[in-house]
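input18.cif (mmCIF, C-alpha atoms)
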data_entry
#
loop_
_atom_site.label_atom_id
_atom_site.label_comp_id
_atom_site.auth_asym_id
_atom_site.auth_seq_id
_atom_site.Cartn_x
_atom_site.Cartn_y
_atom_site.Cartn_z
CA MET A 1 227.54 96.18 -111.17
CA THR A 2 229.37 97.91 -108.40
CA ARG A 3 230.81 94.65 -107.09
CA TRP A 4 232.22 93.90 -110.53
CA LEU A 5 234.11 97.17 -110.63
CA PRO A 6 236.90 96.27 -108.21
CA VAL A 7 237.75 93.18 -110.28
CA LEU A 8 237.82 94.89 -113.64
CA GLY A 9 239.20 98.03 -112.06
CA LEU A 10 242.46 96.16 -111.62
CA LEU A 11 242.84 96.34 -115.36
CA ILE A 12 242.80 100.14 -115.37
CA VAL A 13 246.40 101.26 -114.93
CA ALA A 14 247.31 104.72 -113.68
CA ILE A 15 249.16 106.52 -116.44
CA GLU A 16 250.94 109.74 -117.21
CA VAL A 17 248.79 111.62 -119.71
CA ARG A 18 250.70 112.93 -122.72
CA GLY A 19 249.06 115.39 -125.08
CA GLU A 20 245.44 114.82 -124.15
CA PRO A 21 243.18 116.79 -126.50
CA PRO A 22 241.86 119.82 -124.57
CA ARG A 23 238.29 119.40 -125.75
CA TRP A 24 234.97 117.93 -124.70
CA THR A 25 232.04 116.29 -126.42
CA LEU A 26 228.84 117.22 -124.64
CA GLY A 27 225.69 115.14 -124.81
CA ARG A 28 222.14 115.65 -123.64
CA ALA A 29 221.44 113.53 -120.56
CA THR A 30 218.20 111.78 -119.64
CA LYS A 31 217.81 110.27 -116.19
CA LEU A 32 216.44 106.73 -116.54
CA PRO A 33 213.93 105.50 -113.93
CA SER A 34 215.56 104.63 -110.62
CA GLN A 35 212.73 102.34 -109.50
CA TYR A 36 213.93 99.59 -111.85
CA THR A 37 217.34 99.43 -110.17
CA ASN A 38 218.65 99.37 -106.62
CA GLN A 39 222.20 100.49 -107.41
CA GLU A 40 221.48 102.73 -110.43
CA SER A 41 222.89 99.91 -112.52
CA THR A 42 222.79 98.50 -116.01
CA TYR A 43 225.21 96.61 -118.26
CA PHE A 44 225.85 96.23 -122.01
CA SER A 45 222.11 96.10 -122.66
CA LEU A 46 221.41 98.87 -125.18
CA VAL A 47 220.02 98.37 -128.67
CA GLU A 48 217.84 100.21 -131.18
CA GLY A 49 214.67 98.46 -132.30
CA ARG A 50 213.34 98.59 -135.83
CA ASN A 51 210.72 101.01 -134.55
CA GLY A 52 213.40 103.61 -133.75
CA LYS A 53 213.09 103.16 -129.99
CA LEU A 54 215.88 102.07 -127.66
CA TYR A 55 215.73 98.99 -125.43
CA ILE A 56 217.74 99.21 -122.22
CA GLY A 57 218.21 96.54 -119.57
CA ALA A 58 218.12 97.42 -115.88
CA ALA A 59 219.48 95.48 -112.90
CA LYS A 60 217.77 95.24 -109.53
CA TYR A 61 219.95 92.90 -107.50
CA GLY A 62 218.17 90.31 -105.41
CA GLU A 63 214.81 91.26 -106.94
CA ASN A 64 214.31 91.48 -110.69
CA ALA A 65 215.55 92.38 -114.16
CA TYR A 66 213.65 94.88 -116.27
CA LEU A 67 213.71 95.85 -119.94
CA LEU A 68 212.92 99.49 -120.61
CA GLU A 69 211.81 101.16 -123.83
CA TYR A 70 213.07 104.68 -124.48
CA ASP A 71 211.36 106.84 -127.12
CA PRO A 72 213.73 109.52 -128.51
CA ALA A 73 210.80 111.42 -130.01
CA THR A 74 209.23 112.06 -126.60
CA ASP A 75 212.27 111.60 -124.34
CA SER A 76 210.21 109.14 -122.30
CA THR A 77 210.90 105.71 -120.82
CA VAL A 78 208.44 102.90 -120.07
CA LEU A 79 208.76 99.37 -118.69
CA VAL A 80 208.15 96.66 -121.30
CA VAL A 81 209.49 93.44 -119.72
CA ASP A 82 209.36 92.35 -116.08
CA ALA A 83 211.60 89.28 -116.10
CA MET A 84 210.26 87.61 -112.95
CA LYS A 85 206.66 88.13 -114.04
CA THR A 86 207.45 86.79 -117.50
CA ILE A 87 208.92 83.54 -116.15
CA GLY A 88 206.26 83.25 -113.42
CA SER A 89 208.56 83.41 -110.41
CA THR A 90 208.48 85.26 -107.09
CA ALA A 91 211.98 84.22 -105.97
CA ARG A 92 214.15 86.77 -104.23
CA GLY A 93 217.79 87.07 -103.22
CA PHE A 94 220.33 85.18 -105.27
CA ALA A 95 217.53 83.03 -106.72
CA ALA A 96 216.12 86.05 -108.56
CA GLN A 97 216.84 87.01 -112.16
CA ALA A 98 218.85 90.14 -111.30
CA LYS A 99 220.07 91.46 -114.65
CA PHE A 100 219.53 91.85 -118.34
CA HIS A 101 223.27 91.86 -119.02
CA THR A 102 223.07 90.77 -122.67
CA ARG A 103 223.69 93.48 -125.25
CA GLY A 104 220.33 92.86 -126.90
CA ASN A 105 219.91 91.90 -130.54
CA VAL A 106 217.06 92.51 -132.97
CA GLY A 107 215.64 89.92 -135.36
CA GLU A 108 214.36 90.62 -138.86
CA SER A 109 210.86 90.48 -137.38
CA GLY A 110 211.67 93.36 -135.06
CA ARG A 111 211.60 91.19 -131.95
CA ILE A 112 214.15 92.02 -129.25
CA TYR A 113 216.30 89.16 -127.88
CA HIS A 114 217.76 89.17 -124.37
CA GLY A 115 218.78 86.80 -121.61
CA THR A 116 218.68 87.00 -117.82
CA LYS A 117 221.64 86.62 -115.51
CA GLN A 118 222.42 85.99 -111.85
CA GLY A 119 223.34 88.77 -109.45
CA TYR A 120 225.65 88.44 -106.44
CA PRO A 121 225.13 86.17 -103.41
CA GLU A 122 224.73 87.91 -100.07
CA ALA A 123 226.07 86.48 -96.82
CA GLY A 124 224.42 83.14 -96.13
CA GLU A 125 223.28 82.63 -99.71
CA SER A 126 224.54 79.77 -101.87
CA ARG A 127 225.32 80.01 -105.56
CA ASP A 128 223.21 76.89 -105.89
CA ASP A 129 220.17 79.09 -105.11
CA TYR A 130 220.24 80.48 -108.64
CA PRO A 131 218.10 78.27 -110.93
CA GLY A 132 219.55 79.46 -114.24
CA GLY A 133 218.99 82.17 -116.84
CA TYR A 134 216.22 82.47 -119.42
CA VAL A 135 216.15 83.61 -123.03
CA ILE A 136 213.41 86.24 -123.16
CA VAL A 137 212.06 87.66 -126.42
CA TYR A 138 210.05 90.88 -126.54
CA ASP A 139 207.79 91.77 -129.49
CA PRO A 140 207.22 95.54 -129.77
CA ALA A 141 204.39 95.00 -132.25
CA THR A 142 202.26 93.06 -129.77
CA ARG A 143 203.97 94.40 -126.62
CA THR A 144 204.30 90.86 -125.31
CA ALA A 145 207.23 88.81 -124.04
CA GLU A 146 207.88 85.08 -123.95
CA HIS A 147 210.57 82.93 -122.42
CA PHE A 148 212.15 79.63 -123.49
CA GLY A 149 212.89 78.06 -120.14
CA ILE A 150 216.22 77.72 -118.37
CA ALA A 151 219.05 77.25 -120.85
CA LYS A 152 221.55 75.68 -118.45
CA PRO A 153 220.89 75.11 -114.73
CA LYS A 154 222.87 77.39 -112.38
CA HIS A 155 224.24 79.45 -115.30
CA GLY A 156 223.19 82.94 -116.30
CA ILE A 157 223.05 84.13 -119.91
CA ILE A 158 225.55 86.69 -121.19
CA SER A 159 224.82 86.76 -124.95
CA VAL A 160 221.80 86.03 -127.16
CA MET A 161 221.90 86.13 -130.97
CA PRO A 162 218.88 85.21 -133.14
CA ASP A 163 218.89 83.62 -136.58
CA GLU A 164 215.20 83.93 -137.39
CA SER A 165 215.66 82.67 -140.96
CA ARG A 166 216.57 79.25 -139.55
CA GLY A 167 214.44 79.38 -136.41
CA LEU A 168 217.51 79.35 -134.15
CA ILE A 169 218.73 81.37 -131.18
CA TYR A 170 222.39 81.18 -130.13
CA LEU A 171 223.44 81.97 -126.59
CA SER A 172 226.40 81.96 -124.25
CA THR A 173 225.99 81.04 -120.61
CA CYS A 174 228.05 82.22 -117.64
CA SER A 175 228.83 80.42 -114.41
CA ASP A 176 230.44 83.57 -112.97
CA ASP A 177 233.33 81.48 -111.62
CA ARG A 178 236.75 83.10 -111.37
CA PRO A 179 239.35 82.94 -112.72
CA ILE A 180 237.67 80.65 -115.27
CA ASP A 181 234.10 81.52 -116.22
CA HIS A 182 232.44 78.43 -117.67
CA SER A 183 230.58 79.74 -120.70
CA HIS A 184 228.63 77.20 -122.71
CA PHE A 185 227.99 77.93 -126.38
CA MET A 186 224.40 76.79 -126.96
CA VAL A 187 221.79 76.83 -129.70
CA LEU A 188 218.02 76.84 -129.19
CA ASP A 189 215.63 75.40 -131.76
CA VAL A 190 212.66 77.76 -131.49
CA ARG A 191 210.21 75.26 -132.99
CA THR A 192 211.02 72.42 -130.60
CA ARG A 193 212.15 74.73 -127.76
CA GLN A 194 215.11 72.42 -127.20
CA TYR A 195 218.63 73.56 -126.33
CA THR A 196 221.80 71.95 -127.71
CA ASP A 197 225.06 72.47 -125.82
CA LEU A 198 228.01 72.95 -128.19
CA GLY A 199 230.59 72.95 -125.41
CA ASP A 200 232.24 74.98 -122.66
CA MET A 201 234.29 77.80 -124.21
CA GLU A 202 235.56 79.04 -120.79
CA HIS A 203 235.55 82.68 -121.94
CA MET A 204 234.05 85.39 -119.74
CA TYR A 205 231.57 87.96 -121.08
CA ALA A 206 231.36 86.38 -124.52
CA PHE A 207 229.52 88.02 -127.42
CA ILE A 208 228.10 85.80 -130.16
CA VAL A 209 227.95 87.13 -133.73
CA LEU A 210 226.73 85.73 -137.07
CA ASP A 211 228.83 85.91 -140.22
CA HIS A 212 227.72 86.39 -143.84
CA ARG A 213 226.96 82.66 -144.19
CA GLY A 214 224.86 82.46 -141.04
CA ARG A 215 227.58 80.76 -139.01
CA ALA A 216 227.74 81.66 -135.32
CA LEU A 217 231.03 82.68 -133.71
CA HIS A 218 231.93 82.51 -130.00
CA PRO A 219 235.34 83.32 -128.41
CA ILE A 220 237.30 80.51 -126.74
CA ARG A 221 239.59 80.89 -123.74
CA GLY A 222 243.18 81.15 -124.91
CA GLY A 223 242.55 83.12 -128.09
CA MET A 224 240.67 80.86 -130.51
CA ILE A 225 237.16 81.24 -131.96
CA ALA A 226 234.45 78.59 -132.13
CA ARG A 227 232.39 78.72 -135.34
CA TYR A 228 229.18 76.73 -135.71
CA ASP A 229 227.74 76.00 -139.15
CA PRO A 230 223.99 75.32 -138.78
CA GLU A 231 223.73 73.78 -142.26
CA ALA A 232 226.45 71.22 -141.65
CA LYS A 233 225.71 71.09 -137.89
CA LYS A 234 229.47 71.31 -137.40
CA LEU A 235 231.56 73.15 -134.79
CA GLU A 236 235.05 74.29 -135.76
CA ARG A 237 237.79 75.72 -133.53
CA LEU A 238 239.68 78.35 -135.49
CA ARG A 239 243.04 80.02 -134.96
CA VAL A 240 243.06 83.82 -134.84
CA GLN A 241 245.81 86.05 -136.22
CA ILE A 242 246.66 89.74 -135.96
CA ASP A 243 248.96 91.22 -138.62
CA ASP A 244 249.86 87.70 -139.84
CA ARG A 245 250.96 86.58 -136.38
CA ASP A 246 249.35 84.54 -133.65
CA LEU A 247 247.67 86.54 -130.90
CA PRO A 248 250.12 87.98 -128.34
CA PRO A 249 249.92 86.91 -124.66
CA SER A 250 248.02 90.13 -123.86
CA LEU A 251 245.09 88.77 -125.90
CA ARG A 252 245.24 85.16 -124.69
CA HIS A 253 245.21 85.28 -120.89
CA ASP A 254 242.22 84.27 -118.75
CA GLY A 255 241.14 87.85 -118.04
CA VAL A 256 240.65 88.83 -121.70
CA ILE A 257 237.24 90.40 -122.34
CA TRP A 258 236.34 90.99 -125.99
CA ASN A 259 233.81 93.54 -127.13
CA TRP A 260 233.06 92.83 -130.76
CA GLU A 261 230.46 93.27 -133.49
CA THR A 262 230.21 92.61 -137.21
CA SER A 263 229.97 95.03 -140.12
CA PRO A 264 226.51 95.44 -141.74
CA ASP A 265 227.36 92.81 -144.38
CA ARG A 266 228.73 90.49 -141.64
CA LYS A 267 231.96 89.91 -143.55
CA THR A 268 234.10 91.85 -141.10
CA LEU A 269 234.44 91.49 -137.34
CA TRP A 270 235.48 94.57 -135.38
CA GLY A 271 236.82 94.03 -131.86
CA ILE A 272 238.22 95.85 -128.85
CA GLU A 273 239.66 94.01 -125.88
CA LEU A 274 238.77 95.66 -122.58
CA ALA A 275 242.22 96.89 -121.53
CA THR A 276 244.54 96.89 -124.55
CA ASN A 277 243.78 100.28 -126.19
CA GLN A 278 243.59 98.84 -129.71
CA LEU A 279 240.98 98.42 -132.43
CA TYR A 280 241.15 95.15 -134.39
CA GLU A 281 239.59 94.01 -137.66
CA TRP A 282 239.10 90.40 -138.81
CA ASP A 283 238.11 89.06 -142.21
CA LEU A 284 235.28 86.59 -141.67
CA THR A 285 235.60 85.39 -145.26
CA SER A 286 239.06 84.00 -144.49
CA PRO A 287 239.41 80.48 -145.93
CA GLY A 288 240.74 77.54 -143.99
CA GLU A 289 241.08 77.22 -140.24
CA THR A 290 242.54 80.65 -139.47
CA ILE A 291 240.74 83.98 -139.21
CA ARG A 292 243.08 86.74 -140.36
CA GLY A 293 243.03 90.13 -138.69
CA TRP A 294 244.82 93.46 -138.39
CA SER A 295 245.38 96.14 -135.80
CA ARG A 296 243.75 99.40 -136.91
CA GLY A 297 245.38 101.63 -134.33
CA ARG A 298 245.33 102.83 -130.77
CA LEU A 299 242.00 104.09 -129.48
CA LEU A 300 243.67 106.98 -127.65
CA ASN A 301 247.19 107.80 -128.81
CA TRP A 302 248.02 109.64 -125.60
CA ALA A 303 247.01 106.82 -123.24
CA GLU A 304 249.02 103.79 -122.20
CA ALA A 305 246.06 101.81 -120.84
CA THR A 306 242.32 102.01 -121.36
CA ASP A 307 239.08 100.44 -120.20
CA CYS A 308 236.54 99.93 -122.99
CA ARG A 309 233.20 98.33 -122.05
CA ALA A 310 231.01 99.83 -124.76
CA MET A 311 231.52 99.35 -128.49
CA CYS A 312 229.18 99.08 -131.50
CA VAL A 313 229.15 99.22 -135.31
CA ASP A 314 226.52 101.39 -137.00
CA SER A 315 224.58 100.83 -140.24
CA GLU A 316 227.29 102.60 -142.28
CA GLY A 317 230.04 100.40 -140.87
CA ASP A 318 231.54 103.00 -138.52
CA VAL A 319 232.87 101.78 -135.18
CA TRP A 320 231.98 103.69 -131.99
CA ALA A 321 233.37 103.14 -128.51
CA THR A 322 233.62 104.76 -125.11
CA VAL A 323 237.10 104.56 -123.61
CA THR A 324 237.98 105.31 -119.99
CA VAL A 325 241.44 106.25 -118.72
CA HIS A 326 242.70 107.03 -115.25
CA GLN A 327 243.91 110.63 -114.95
CA GLY A 328 245.12 110.71 -111.38
CA VAL A 329 243.59 111.54 -108.02
CA LYS A 330 242.58 115.15 -108.69
CA GLU A 331 240.24 114.66 -111.63
CA GLY A 332 239.69 110.91 -111.45
CA PRO A 333 238.95 108.62 -114.40
CA ALA A 334 237.93 110.25 -117.69
CA CYS A 335 235.81 108.75 -120.46
CA HIS A 336 236.30 109.64 -124.13
CA LEU A 337 234.20 108.93 -127.19
CA VAL A 338 236.13 107.32 -130.07
CA SER A 339 235.02 106.52 -133.62
CA TYR A 340 236.61 104.85 -136.62
CA ARG A 341 235.79 104.77 -140.33
CA ARG A 342 237.51 102.16 -142.47
CA GLY A 343 240.64 103.50 -144.09
CA GLY A 344 241.32 105.99 -141.34
CA VAL A 345 242.56 105.81 -137.77
CA PRO A 346 240.60 105.84 -134.49
CA TYR A 347 239.45 109.40 -133.76
CA ASP A 348 239.13 110.86 -130.26
CA HIS A 349 236.03 113.06 -130.07
CA GLY A 350 236.97 114.25 -126.61
CA ARG A 351 235.94 113.65 -123.05
CA LEU A 352 232.28 112.91 -122.38
CA GLY A 353 230.35 115.65 -120.63
CA VAL A 354 226.74 116.63 -119.90
CA LYS A 355 225.33 119.71 -121.63
CA ASN A 356 222.19 119.89 -119.42
CA PRO A 357 223.46 119.47 -115.83
CA GLU A 358 219.99 120.10 -114.42
CA PHE A 359 218.77 116.75 -115.81
CA THR A 360 218.77 115.23 -112.31
CA THR A 361 219.73 116.05 -108.74
CA PHE A 362 222.69 114.51 -106.95
CA VAL A 363 221.63 115.36 -103.41
CA ASP A 364 218.45 114.64 -101.45
CA GLU A 365 216.20 117.16 -99.68
CA SER A 366 218.57 117.31 -96.72
CA GLY A 367 221.54 118.06 -98.96
CA LYS A 368 223.16 114.67 -98.55
CA PRO A 369 224.59 112.93 -101.64
CA LYS A 370 222.16 110.46 -103.17
CA PRO A 371 223.36 106.84 -103.03
CA TRP A 372 224.79 105.37 -106.23
CA HIS A 373 225.32 108.74 -107.91
CA HIS A 374 229.10 108.70 -107.68
CA THR A 375 230.39 108.09 -111.24
CA MET A 376 229.42 111.48 -112.70
CA PRO A 377 231.54 114.01 -110.80
CA LYS A 378 231.82 117.68 -111.69
CA THR A 379 235.29 118.55 -112.98
CA SER A 380 237.32 121.63 -112.18
CA GLU A 381 235.84 123.12 -115.35
CA GLY A 382 232.36 122.75 -113.90
CA ILE A 383 231.27 119.98 -116.28
CA LEU A 384 229.51 116.80 -115.20
CA SER A 385 231.67 114.03 -116.63
CA PRO A 386 230.55 110.36 -116.45
CA TRP A 387 233.36 107.82 -116.30
CA GLN A 388 231.49 104.48 -116.09
CA PRO A 389 229.81 103.90 -119.50
CA MET A 390 228.35 100.43 -120.05
CA GLY A 391 226.58 100.46 -123.41
CA ILE A 392 226.72 102.36 -126.69
CA CYS A 393 224.36 102.41 -129.66
CA ALA A 394 224.80 104.43 -132.86
CA THR A 395 221.65 105.11 -134.89
CA ARG A 396 221.27 107.01 -138.14
CA ASP A 397 220.98 110.34 -136.32
CA SER A 398 222.45 109.86 -132.85
CA VAL A 399 225.04 108.11 -130.72
CA TYR A 400 223.68 106.99 -127.35
CA VAL A 401 225.72 106.04 -124.31
CA VAL A 402 224.25 104.55 -121.16
CA THR A 403 226.10 105.08 -117.88
CA ILE A 404 225.58 103.94 -114.31
CA ALA A 405 225.47 105.60 -110.90
CA PRO A 406 223.32 107.46 -111.81
CA PHE A 407 221.42 105.39 -114.40
CA THR A 408 221.64 107.80 -117.35
CA LEU A 409 221.28 107.92 -121.12
CA LEU A 410 223.47 110.39 -123.03
CA ARG A 411 222.57 111.46 -126.56
CA PHE A 412 225.06 112.91 -129.05
CA ASP A 413 224.37 114.21 -132.57
CA ARG A 414 225.92 111.66 -134.92
CA GLY A 415 226.08 114.09 -137.85
CA GLU A 416 228.06 116.60 -135.82
CA LEU A 417 230.44 113.90 -134.62
CA VAL A 418 231.06 112.65 -138.17
CA LYS A 419 231.61 116.23 -139.36
CA GLN A 420 234.10 116.76 -136.54
CA ARG A 421 236.00 113.61 -137.49
CA ASN A 422 236.03 114.42 -141.20
CA ALA A 423 237.38 117.92 -140.57
CA ARG A 424 240.46 116.83 -138.65
#
Kindly return the structure encoded in the file as structure tokens.
Amino acid sequence: MTRWLPVLGLLIVAIEVRGEPPRWTLGRATKLPSQYTNQESTYFSLVEGRNGKLYIGAAKYGENAYLLEYDPATDSTVLVVDAMKTIGSTARGFAAQAKFHTRGNVGESGRIYHGTKQGYPEAGESRDDYPGGYVIVYDPATRTAEHFGIAKPKHGIISVMPDESRGLIYLSTCSDDRPIDHSHFMVLDVRTRQYTDLGDMEHMYAFIVLDHRGRALHPIRGGMIARYDPEAKKLERLRVQIDDRDLPPSLRHDGVIWNWETSPDRKTLWGIELATNQLYEWDLTSPGETIRGWSRGRLLNWAEATDCRAMCVDSEGDVWATVTVHQGVKEGPACHLVSYRRGGVPYDHGRLGVKNPEFTTFVDESGKPKPWHHTMPKTSEGILSPWQPMGICATRDSVYVVTIAPFTLLRFDRGELVKQRNAR
């Protein structure tokens, strides 16, 4: 993940802070196992299973990808999927499956759906060394995992979305090319184990969602959306509007990265673009060849530019996101927790902080800083404040945020956060 930061870091613009709320939101931190990473790294991979446990992907570059199961009742973490073992490979270096980058989605059966992705080539390694990513499905009931072969040679997998009612799995691949990431929208027939390629959407870090009619949606480079109807076996390319206008240039350039998820009834799509400090809503029941949408407000009113890599929609339809801003050299970047309930405006719950600073150590026995523990500095107020969140998951009782360097899970009381928002 660290090597990705300089690229996306270009999108974080230094700003003059105006009227920042002088408050914090403190969460309980749990240090996740370091042995499943080599840079204390993870990605968007955070999801709640139907058993109430969390499933978190870990990245070990040049070696392996691991899926971890966290039990909130016992505050314990165990390994449930070893990607290389599951696919029967001993490859190392760039040929290894280095990440579970996919957000993770849960089928009606309770099975957990993920995909593996390439890491980063070291000196002397060729990108051709990477064989391709695998769809991997984990069943908590039997504690077993299975894979469905390589989806597309030389491509990793960035998104996996199941439709168990039809026996289908949708996925988006990633070539990791820049400035154009070749991302193929694909569908897997689970019964035949055959993949169908629906085309190259050329959109980096794509999330696939299903609408209320079971149609799969995938973003297209330039600001359109591909929608596949499995009943008609038809792919449509749809225009997208915001406030009855075509998307502005800020939402159509090659570097656009959408974080989006549907409402519980799958009739609404909520989205946040990485750097534009806005929450958007789209009506997935829109007729015709245009999906209509609206801006629902700035994530942080006092910020000119933001970096949002973690966003989710909970079972009540509330939107949750972590939003990072750059506050200058002295304090460094700051991450805030934001939520939104339909009919309101985005609410800033304050800057993320750790309420139990003893949860891990940041120096070794000799007193030297531990490697890859640099994104949770202590502020002038004496609070550990993580600024590199990667995933967020809101359950009935809690809001969880996973951060990197160090590999950490933060837990916030959802009821208290909702009460705080309602009392504004």
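What separates CA of Leu279 in chain A from CA of Pro346 in chain A is a distance of 7.7 Å.
Using the PyMOL selection byres ((chain A and resi 183-200) around 6) on the file at hand returns these residues: A:Gly167, A:Leu168, A:Ile169, A:Tyr170, A:Leu171, A:Ser172, A:Thr173, A:Cys174, A:Asp181, A:His182, A:Met201, A:Glu202, A:His203.
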With C-alpha atoms retained, could you export that selection as a PDB file, keeping the file's coordinate frame?
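The result, written out as selection17.pdb:
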ATOM      1  CA  GLY A 167     214.440  79.380-136.410  1.00  0.00           C
ATOM      2  CA  LEU A 168     217.510  79.350-134.150  1.00  0.00           C
ATOM      3  CA  ILE A 169     218.730  81.370-131.180  1.00  0.00           C
ATOM      4  CA  TYR A 170     222.390  81.180-130.130  1.00  0.00           C
ATOM      5  CA  LEU A 171     223.440  81.970-126.590  1.00  0.00           C
ATOM      6  CA  SER A 172     226.400  81.960-124.250  1.00  0.00           C
ATOM      7  CA  THR A 173     225.990  81.040-120.610  1.00  0.00           C
ATOM      8  CA  CYS A 174     228.050  82.220-117.640  1.00  0.00           C
ATOM      9  CA  ASP A 181     234.100  81.520-116.220  1.00  0.00           C
ATOM     10  CA  HIS A 182     232.440  78.430-117.670  1.00  0.00           C
ATOM     11  CA  MET A 201     234.290  77.800-124.210  1.00  0.00           C
ATOM     12  CA  GLU A 202     235.560  79.040-120.790  1.00  0.00           C
ATOM     13  CA  HIS A 203     235.550  82.680-121.940  1.00  0.00           C
TER      14      HIS A 203
END
**OP:** Report as a VMD selection string the full result of the PyMOL selection byres ((chain A and resi 208) around 6) when it is applied to this structure.
**Re:** chain A and resid 207 209 217 to 218
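With distances restricted to only C-alpha atoms, A:Thr116 is the closest residue to Gln97 in chain A from A:Thr116, A:Thr379, A:Thr37, A:Thr395.
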Subject >> Shell around Thr361 in chain A at 10 Å using all atoms listed in the file, local window under 5 positions removed, as a ChimeraX atom specification >> reply: /A:31,369-370,373,406
Can you spell out as a CSV table (one decimal) with C-alpha atoms, keeping the file's coordinate frame the set of residues that the PyMOL selection byres ((chain A and resi 241) around 10) selects in the structure I just provided?
chain,number,residue,atom,x,y,z
A,223,GLY,CA,242.6,83.1,-128.1
A,224,MET,CA,240.7,80.9,-130.5
A,238,LEU,CA,239.7,78.4,-135.5
A,239,ARG,CA,243.0,80.0,-135.0
A,240,VAL,CA,243.1,83.8,-134.8
A,242,ILE,CA,246.7,89.7,-136.0
A,243,ASP,CA,249.0,91.2,-138.6
A,244,ASP,CA,249.9,87.7,-139.8
A,245,ARG,CA,251.0,86.6,-136.4
A,246,ASP,CA,249.4,84.5,-133.6
A,247,LEU,CA,247.7,86.5,-130.9
A,248,PRO,CA,250.1,88.0,-128.3
A,282,TRP,CA,239.1,90.4,-138.8
A,290,THR,CA,242.5,80.6,-139.5
A,291,ILE,CA,240.7,84.0,-139.2
A,292,ARG,CA,243.1,86.7,-140.4
A,293,GLY,CA,243.0,90.1,-138.7
A,294,TRP,CA,244.8,93.5,-138.4
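For the set A:Leu46, A:Ala226, A:Ala59, A:Ala275, the residue with the smallest atom-to-atom gap to Glu289 in chain A is A:Ala226, counting all atoms listed in the file.
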Subject >> Nearest residue to Thr42 in chain A from the set A:Ile220, A:Ala405, A:Val319, A:Val418 (distances using only C-alpha atoms) >> reply: A:Ala405
At most 10 Å from (211.2, 102.2, -111.1), file frame, only C-alpha atoms: which residues, as a PDB file with C-alpha atoms, in the coordinates of the input?
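And here is the file that came out, out.pdb:
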ATOM      1  CA  LEU A  32     216.440 106.730-116.540  1.00  0.00           C
ATOM      2  CA  PRO A  33     213.930 105.500-113.930  1.00  0.00           C
ATOM      3  CA  SER A  34     215.560 104.630-110.620  1.00  0.00           C
ATOM      4  CA  GLN A  35     212.730 102.340-109.500  1.00  0.00           C
ATOM      5  CA  TYR A  36     213.930  99.590-111.850  1.00  0.00           C
ATOM      6  CA  THR A  37     217.340  99.430-110.170  1.00  0.00           C
ATOM      7  CA  ASN A  38     218.650  99.370-106.620  1.00  0.00           C
ATOM      8  CA  ALA A  58     218.120  97.420-115.880  1.00  0.00           C
ATOM      9  CA  LYS A  60     217.770  95.240-109.530  1.00  0.00           C
ATOM     10  CA  TYR A  66     213.650  94.880-116.270  1.00  0.00           C
ATOM     11  CA  VAL A  78     208.440 102.900-120.070  1.00  0.00           C
ATOM     12  CA  LEU A  79     208.760  99.370-118.690  1.00  0.00           C
TER      13      LEU A  79
END
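Nearest-residue note for Asn105 in chain A: choosing from A:Ile225, A:Met376, A:Met84, A:Cys393, the minimum distance belongs to A:Cys393, counting all atoms listed in the file.
Counting all atoms listed in the file, the residue from A:Arg341, A:Lys267, A:Arg309, A:Arg50 that sits nearest to Arg296 in chain A is A:Arg341.
Relative to CA of Cys308 in chain A, CA of Ala321 in chain A is found at 7.1 Å.
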